[in-house]
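The next block holds one structure in the form of structure tokens; read it before the comments.
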Amino acid sequence: ERTETRHDLMFIGLIITLFAATASGLARQLAGPVRNMGVALRQIAAGDRDARVPEKGPREIAELAHRFNLALDHLRNARRSSALLAAIVESSNDAIISRDTGGLITSWNSAATRMFGWTAEEAIGKPAQLITPPDRAGNFAHLLERVQRGEAVPPYDTERRRKDGSRFHAQVSLSAIKDDDGRVAGISTIVRDITERQRAEENLRALALRLSQVEESERRNIHRELHDQIGACLAT
């Protein structure tokens, strides 16, 4: 019985030794690729957009490196897309403002600062009603509820308020910001100052009214002249 126990212990020890040797060899195989991955991540963080991990070694290690490089490519593409979107937002002449589902402003571009007068530091964290005149708040809240329910709201003309309290004509577009699960996580608001357009439209309306008045006056003059001429002819 002692002999069998001793043999069992020797067998278990052999298994443990083999496992340790395998694990040690695997660890040595993985040490290089893992170190390379860490180096690549640090290079990307430092701004190196071309960092990659060598895809060499045993098949499993090469496959691991290949998948890691694919993940790096996705990360680069996501960063480029984010940078492009940020550049578009910042260079826009329209105010682009986002708010969370609680109604607080979460982003505020440079055009919003020029248009409304508040800096991003002043506006972010404030209620979205900051730029809405009190007499327009009810309609705005109703439209926000529609967007949060997933409804499409077409752009609409309204008025917005500046930091100094003055108001201006604006066209507002609302759209839902959705998370990866498709749930509404916030609302994006694009505000366009249409003061000049409104002024031009008012001028056109005034001109059209003036032309209508001139036409009416000319029509009356012509009618009067014809009436007088006909009367003169009948008198003779």
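Chains: A, B, ... in order of the structure tokens. Residues: from 1 per chain. Ligands: from 1, in order shown.
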
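Taking only C-alpha atoms, the non-local environment of A:Ala112 within 9 Å (same-chain residues fewer than 2 positions away omitted) comprises Asn93, Asp94, Ala95, Ile96, Ile97, Trp108, Asn109, Ser110, Arg114, Met115, Phe116, Gly117, Trp118, Thr119, Ala120 and Val191 of chain A.
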
Among the residues A:Gln198, A:Thr132, A:Gln229, A:Ser98, the one that comes closest to A:Lys178 [using only C-alpha atoms]: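 Checking each of A:Gln198, A:Thr132, A:Gln229, A:Ser98 against A:Lys178, counting only C-alpha atoms, the winner is A:Ser98.
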
So, counting only C-alpha atoms, which residue among A:Pro134, A:Arg192, A:Val184, A:Ala46 is closest to A:Glu151?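 Closest residue, counting only C-alpha atoms: A:Val184.
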
Among stretch 63-216 of chain A, which ones does DSSP assign to alpha helix (DSSP H) (computed from the backbone)? Answer as a PyMOL selection string. chain A and resi 63-91+110-116+120-123+137-148+195-216

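For A:Leu174, the residues within 10 Å (counting only C-alpha atoms, excluding itself and residues fewer than 2 positions away along the chain) are Ile97, Ser98, Leu143, Leu144, Arg146, Val147, Ala152, Val153, Pro154, Pro155, Tyr156, Val172, Ala176, Ile177, Ile187, Ser188, Thr189, Ile190 and Val191 of chain A.
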
In Å to one decimal, how far is atom CA of A:Asp164 from atom CA of A:Arg136?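 Taking atom CA of A:Arg136 as the start and atom CA of A:Asp164 as the end point, the length is 17.3 Å.
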
Between atom CA of A:Asp179 and atom CA of A:Ala71, measure the distance and give it in Å to one decimal.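 Result for atom CA of A:Asp179 versus atom CA of A:Ala71: 20.8 Å, one decimal.
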
Please report the interatomic distance between atom CA of A:Ala170 and atom CA of A:Arg197 in Å with one decimal.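 Distance reported for this atom pair: 9.7 Å.
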
Write out as number ranges by chain all residues of stretch 81-229 of chain A that backbone DSSP assigns to strand (DSSP E). A: 95-100, 105-108, 156-161, 167-178, 184-193

Would you write out those residues with C-alpha atoms, as a PDB file, in the first residue's frame?
```pdb
ATOM      1  CA  ALA A  95     -24.528  76.633 -32.735  1.00  0.00           C
ATOM      2  CA  ILE A  96     -24.356  72.899 -31.949  1.00  0.00           C
ATOM      3  CA  ILE A  97     -25.428  72.051 -28.423  1.00  0.00           C
ATOM      4  CA  SER A  98     -26.085  68.697 -26.779  1.00  0.00           C
ATOM      5  CA  ARG A  99     -27.957  67.952 -23.585  1.00  0.00           C
ATOM      6  CA  ASP A 100     -28.483  64.805 -21.537  1.00  0.00           C
ATOM      7  CA  ILE A 105     -26.145  71.011 -21.440  1.00  0.00           C
ATOM      8  CA  THR A 106     -23.218  68.632 -22.057  1.00  0.00           C
ATOM      9  CA  SER A 107     -21.483  70.232 -25.064  1.00  0.00           C
ATOM     10  CA  TRP A 108     -21.288  73.740 -26.501  1.00  0.00           C
ATOM     11  CA  TYR A 156     -38.738  75.017 -37.050  1.00  0.00           C
ATOM     12  CA  ASP A 157     -38.442  78.805 -36.808  1.00  0.00           C
ATOM     13  CA  THR A 158     -38.605  80.378 -33.379  1.00  0.00           C
ATOM     14  CA  GLU A 159     -36.730  82.834 -31.167  1.00  0.00           C
ATOM     15  CA  ARG A 160     -33.773  82.299 -28.865  1.00  0.00           C
ATOM     16  CA  ARG A 161     -32.252  84.374 -26.068  1.00  0.00           C
ATOM     17  CA  ARG A 167     -33.721  87.850 -28.595  1.00  0.00           C
ATOM     18  CA  PHE A 168     -33.147  86.848 -32.192  1.00  0.00           C
ATOM     19  CA  HIS A 169     -34.869  84.822 -34.880  1.00  0.00           C
ATOM     20  CA  ALA A 170     -33.526  81.275 -35.105  1.00  0.00           C
ATOM     21  CA  GLN A 171     -34.116  78.010 -36.899  1.00  0.00           C
ATOM     22  CA  VAL A 172     -33.803  75.059 -34.523  1.00  0.00           C
ATOM     23  CA  SER A 173     -33.193  71.406 -35.419  1.00  0.00           C
ATOM     24  CA  LEU A 174     -33.529  68.672 -32.797  1.00  0.00           C
ATOM     25  CA  SER A 175     -32.281  65.087 -33.067  1.00  0.00           C
ATOM     26  CA  ALA A 176     -31.856  62.204 -30.646  1.00  0.00           C
ATOM     27  CA  ILE A 177     -28.430  61.008 -29.502  1.00  0.00           C
ATOM     28  CA  LYS A 178     -28.620  57.239 -29.065  1.00  0.00           C
ATOM     29  CA  VAL A 184     -32.000  57.897 -26.356  1.00  0.00           C
ATOM     30  CA  ALA A 185     -29.071  59.151 -24.273  1.00  0.00           C
ATOM     31  CA  GLY A 186     -29.440  62.845 -25.059  1.00  0.00           C
ATOM     32  CA  ILE A 187     -30.585  65.409 -27.595  1.00  0.00           C
ATOM     33  CA  SER A 188     -28.545  67.389 -30.110  1.00  0.00           C
ATOM     34  CA  THR A 189     -29.714  70.905 -30.919  1.00  0.00           C
ATOM     35  CA  ILE A 190     -28.547  72.903 -33.936  1.00  0.00           C
ATOM     36  CA  VAL A 191     -29.416  76.609 -33.840  1.00  0.00           C
ATOM     37  CA  ARG A 192     -29.064  78.835 -36.905  1.00  0.00           C
ATOM     38  CA  ASP A 193     -29.361  82.604 -36.641  1.00  0.00           C
TER      39      ASP A 193
END
```
